[in-house]
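Some notes on the structure that comes next.
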Amino acid sequence: MSRSPGRRATVRDIAARTGVSIATVSRVLNGHPHVAPETRQLVRLAAEELSARSPGRGADGARAPGGAVYLRCPYVLTDYFGLIVSSVAETLALHGHAVVLDAGEAEQHVSVLPSLPSRAGITGAIVILPPEPGDQLVALRASGFPFVVVDPRTPVPRDIAAVSAAHFAGARSVTEHLVRLGHRHIGVIAGPQDWLAGGGRLAGHASALADAGVLHSPELTRAGEPTVPFGRHAAGELLDLPRRPTALACFNDKTAVGALAAAAERGLRVPADLSISGFDDIDLAQATSPMLTTVRQPLAEMGRIAVSLLIRLMEGHRVDALHVELATELVERGSTGPAPAG
């Protein structure tokens, strides 16, 4: 099989090399589970061999400068962010791309996006929950530089590729679950008010309550950083109200863990006296007692879909669905139960 000089191996190249369909090659490269092990191994070996022979590699098969993807995640890489970054890096490796990782909270104060189109060897970028103002994303798109936003912090224009989870639907599902259990006086520990996810989840909660004939009261909402300390503090304020909530719907699993601590400090039993739910379904959700009812986000799949979109953009393919929203799943565990009587 011959390939034109300067072009890296594509899905079509690998399919021709292995005799496997393009659709199956794509499933392997994007990490989908429903592929026979021998087929997966065949595709991966072919991808590695073709990448090793491509002009983007040195004579020894090592990656030569060029063709790298800039992966920006200006946060501490634990739990939520670490899962997405790992998925992106692993999927890019399957496609033969090196990764330039930009991570850590200090990077939030460094201006990166305007310089990406002129950086040597960088052919595309994936930015996770970018703190940059929207006009920087618009300017980067106008430059023609291919990039994908994962979990945008603020609304992005329709011509910017973005991947996110169904925040509204996920929050609505967990509040519907609480309503079915008889809860109506529900406190909300929300995320940052200027985050798209925070607004979507709060709206989903309010929608589910409205269907039950209840208007959500701002008095029952506390918004702030999605951390354990904030969850503990916010839950404490809500539980000390003259009429305390019978349930707390939390922005993420970390704030829910903080809420569990606040409940324990006040001698409240979960879920007999108080139900608590989270969001994300990180490992921490199964390390609590009781384990957390939560909303599972497809974090690894978000990373894989982001890479798939970026590869298509870098190869000049037409992409009609630039905004991809992935479904969430309610996971019922022991931290939620029937509303207490009285």
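Naming works like this for the structure tokens: A, B, ... for the chains as they're shown, residue 1 at the start of each chain, ligands 1 onward in shown order.
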I'd like the contact shell of Ser164 in chain A - 6 Å cut-off, only C-alpha atoms, skipping same-chain residues fewer than 3 positions apart - returned as an NGL selection string. :A and (150-151 or 325)
Using DSSP secondary structure from the backbone, list all helix (DSSP H, G or I) positions within range 12-237 of chain A, as a PyMOL selection string. chain A and resi 12-18+22-29+37-53+79-94+105-109+113-118+134-142+167-180+196-211+218-220+228-237
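The neighbours of Pro218 in chain A here are the residues that come within 12 Å of it, using only C-alpha atoms and leaving out any residue fewer than 6 positions away in the same chain; they are His185, Ile186, Gly187, Val188, Ile189, Ala190, Leu202, Ala206 and Leu238 of chain A.
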Got a sec: who's within 6 Å of range 87-102 of chain A, counting only C-alpha atoms, leaving out chain neighbours fewer than 2 positions off, as a ChimeraX atom specification? /A:29,51,68-72,84-85,300,303-304
Deliver the residues from the most recent selection as a file, using N, CA, C and O atoms, as a PDB file, in the first residue's frame.
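The resulting file, selection.pdb, is reproduced below:
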```
ATOM      1  N   LEU A  29      -9.900   2.411  17.209  1.00  0.00           N
ATOM      2  CA  LEU A  29      -9.113   3.606  17.507  1.00  0.00           C
ATOM      3  C   LEU A  29      -9.797   4.512  18.516  1.00  0.00           C
ATOM      4  O   LEU A  29      -9.129   5.257  19.236  1.00  0.00           O
ATOM      5  N   SER A  51       2.387   4.165  11.543  1.00  0.00           N
ATOM      6  CA  SER A  51       2.849   5.403  12.161  1.00  0.00           C
ATOM      7  C   SER A  51       4.364   5.425  12.264  1.00  0.00           C
ATOM      8  O   SER A  51       5.003   6.451  12.079  1.00  0.00           O
ATOM      9  N   ALA A  68       2.081  16.943  16.832  1.00  0.00           N
ATOM     10  CA  ALA A  68       1.631  16.796  18.210  1.00  0.00           C
ATOM     11  C   ALA A  68       0.323  17.549  18.441  1.00  0.00           C
ATOM     12  O   ALA A  68       0.005  18.518  17.749  1.00  0.00           O
ATOM     13  N   VAL A  69      -0.420  17.077  19.423  1.00  0.00           N
ATOM     14  CA  VAL A  69      -1.670  17.727  19.823  1.00  0.00           C
ATOM     15  C   VAL A  69      -1.466  18.374  21.187  1.00  0.00           C
ATOM     16  O   VAL A  69      -0.955  17.741  22.118  1.00  0.00           O
ATOM     17  N   TYR A  70      -1.854  19.622  21.292  1.00  0.00           N
ATOM     18  CA  TYR A  70      -1.724  20.368  22.544  1.00  0.00           C
ATOM     19  C   TYR A  70      -2.953  20.080  23.401  1.00  0.00           C
ATOM     20  O   TYR A  70      -4.087  20.330  22.987  1.00  0.00           O
ATOM     21  N   LEU A  71      -2.731  19.533  24.577  1.00  0.00           N
ATOM     22  CA  LEU A  71      -3.818  19.166  25.477  1.00  0.00           C
ATOM     23  C   LEU A  71      -3.783  20.092  26.682  1.00  0.00           C
ATOM     24  O   LEU A  71      -2.894  20.004  27.527  1.00  0.00           O
ATOM     25  N   ARG A  72      -4.724  21.023  26.730  1.00  0.00           N
ATOM     26  CA  ARG A  72      -4.745  22.026  27.800  1.00  0.00           C
ATOM     27  C   ARG A  72      -5.827  21.695  28.822  1.00  0.00           C
ATOM     28  O   ARG A  72      -7.018  21.626  28.488  1.00  0.00           O
ATOM     29  N   ILE A  84     -10.527  12.329  32.028  1.00  0.00           N
ATOM     30  CA  ILE A  84     -10.651  12.854  30.668  1.00  0.00           C
ATOM     31  C   ILE A  84      -9.287  12.937  29.995  1.00  0.00           C
ATOM     32  O   ILE A  84      -9.115  12.529  28.840  1.00  0.00           O
ATOM     33  N   VAL A  85      -8.298  13.471  30.716  1.00  0.00           N
ATOM     34  CA  VAL A  85      -6.949  13.618  30.144  1.00  0.00           C
ATOM     35  C   VAL A  85      -6.375  12.262  29.764  1.00  0.00           C
ATOM     36  O   VAL A  85      -5.791  12.098  28.687  1.00  0.00           O
ATOM     37  N   ALA A 300     -14.576   9.153  30.148  1.00  0.00           N
ATOM     38  CA  ALA A 300     -13.623   8.591  29.187  1.00  0.00           C
ATOM     39  C   ALA A 300     -14.141   8.741  27.763  1.00  0.00           C
ATOM     40  O   ALA A 300     -13.390   9.060  26.836  1.00  0.00           O
ATOM     41  N   GLY A 303     -13.528  12.121  26.275  1.00  0.00           N
ATOM     42  CA  GLY A 303     -12.182  12.255  25.728  1.00  0.00           C
ATOM     43  C   GLY A 303     -12.035  11.606  24.377  1.00  0.00           C
ATOM     44  O   GLY A 303     -11.426  12.163  23.460  1.00  0.00           O
ATOM     45  N   ARG A 304     -12.609  10.401  24.225  1.00  0.00           N
ATOM     46  CA  ARG A 304     -12.493   9.697  22.942  1.00  0.00           C
ATOM     47  C   ARG A 304     -13.230  10.435  21.832  1.00  0.00           C
ATOM     48  O   ARG A 304     -12.721  10.549  20.706  1.00  0.00           O
TER      49      ARG A 304
END
```
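Counting only C-alpha atoms, Leu178 in chain A has the following residues at most 9 Å away, ignoring those fewer than 6 positions along the same chain: Arg184, Ile186, Ala247, Ala249, Ser275, Ser277, Thr336, Gly337, Pro338 and Ala339 of chain A.
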Enumerate as a ChimeraX atom specification all residues of range 175-313 of chain A assigned to strand (DSSP E) by DSSP on the backbone, naming them with the chain letters and numbers the document uses. /A:186-190,221-223,247-250,275-277,294-296
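The closest residue to Ile305 in chain A, picked from A:Leu137, A:Ala161, A:Ala285, A:Leu45 and counting only C-alpha atoms, is A:Ala161.
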Considering only C-alpha atoms, can you say which of A:Ala256, A:Val228, A:Leu284, A:Ala208 comes closest to Thr175 in chain A? A:Ala208
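Picture a line from CA of Phe279 in chain A to CA of Gln297 in chain A; it runs 7.7 Å.
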Nearest-residue call for Ala171 in chain A, choices A:Gln41, A:Thr24, A:Ser207, A:Gln193, using only C-alpha atoms: A:Ser207
I want to know what sits within 9 Å of range 111-120 of chain A, based on only C-alpha atoms, with residues of the same chain fewer than 6 positions away left out; could you give that as an MDAnalysis selection string? chainID A and resid 65:66 70 72 132 136:137 139:140 143:146
Go ahead and write the selection's residues with N, CA and C atoms as a short mmCIF file (atom, residue, chain, number, x, y, z; two decimals), in the first residue's frame.
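Listed below is the output, again-v1.cif:
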```cif
data_model
loop_
_atom_site.label_atom_id
_atom_site.label_comp_id
_atom_site.auth_asym_id
_atom_site.auth_seq_id
_atom_site.Cartn_x
_atom_site.Cartn_y
_atom_site.Cartn_z
N PRO A 65 9.65 15.60 15.79
CA PRO A 65 8.89 16.82 16.05
C PRO A 65 7.83 17.04 14.97
N GLY A 66 6.66 17.48 15.37
CA GLY A 66 5.59 17.71 14.41
C GLY A 66 4.45 16.75 14.64
N TYR A 70 -1.85 19.62 21.29
CA TYR A 70 -1.72 20.37 22.54
C TYR A 70 -2.95 20.08 23.40
N ARG A 72 -4.72 21.02 26.73
CA ARG A 72 -4.75 22.03 27.80
C ARG A 72 -5.83 21.69 28.82
N GLU A 132 -10.35 30.64 29.56
CA GLU A 132 -10.14 31.81 28.71
C GLU A 132 -11.48 32.45 28.31
N GLN A 136 -11.31 34.67 22.85
CA GLN A 136 -10.08 33.97 22.47
C GLN A 136 -10.39 32.69 21.70
N LEU A 137 -11.44 31.99 22.09
CA LEU A 137 -11.84 30.79 21.35
C LEU A 137 -12.32 31.16 19.95
N ALA A 139 -11.41 33.78 18.20
CA ALA A 139 -10.23 34.19 17.41
C ALA A 139 -9.43 32.98 16.96
N LEU A 140 -9.31 31.98 17.83
CA LEU A 140 -8.59 30.77 17.46
C LEU A 140 -9.31 30.04 16.34
N SER A 143 -8.72 31.65 13.01
CA SER A 143 -7.38 31.44 12.44
C SER A 143 -7.29 30.18 11.61
N GLY A 144 -8.30 29.31 11.71
CA GLY A 144 -8.29 28.04 10.98
C GLY A 144 -7.60 26.92 11.73
N PHE A 145 -7.11 27.18 12.94
CA PHE A 145 -6.42 26.16 13.73
C PHE A 145 -7.44 25.17 14.28
N PRO A 146 -7.25 23.87 14.07
CA PRO A 146 -8.24 22.89 14.54
C PRO A 146 -8.14 22.63 16.04
#
```
When you count only C-alpha atoms, which of these residues is closest to Pro290 in chain A: A:Ile22, A:Leu274, A:Ala197, A:Leu209? A:Leu274
Would you kindly return, as a PyMOL selection string, each protein, DNA or RNA residue with an atom no farther than 10 Å from any atom of Pro157 in chain A, considering only C-alpha atoms and excluding same-chain residues fewer than 5 positions away? chain A and resi 134+137-138+141+162+322-323
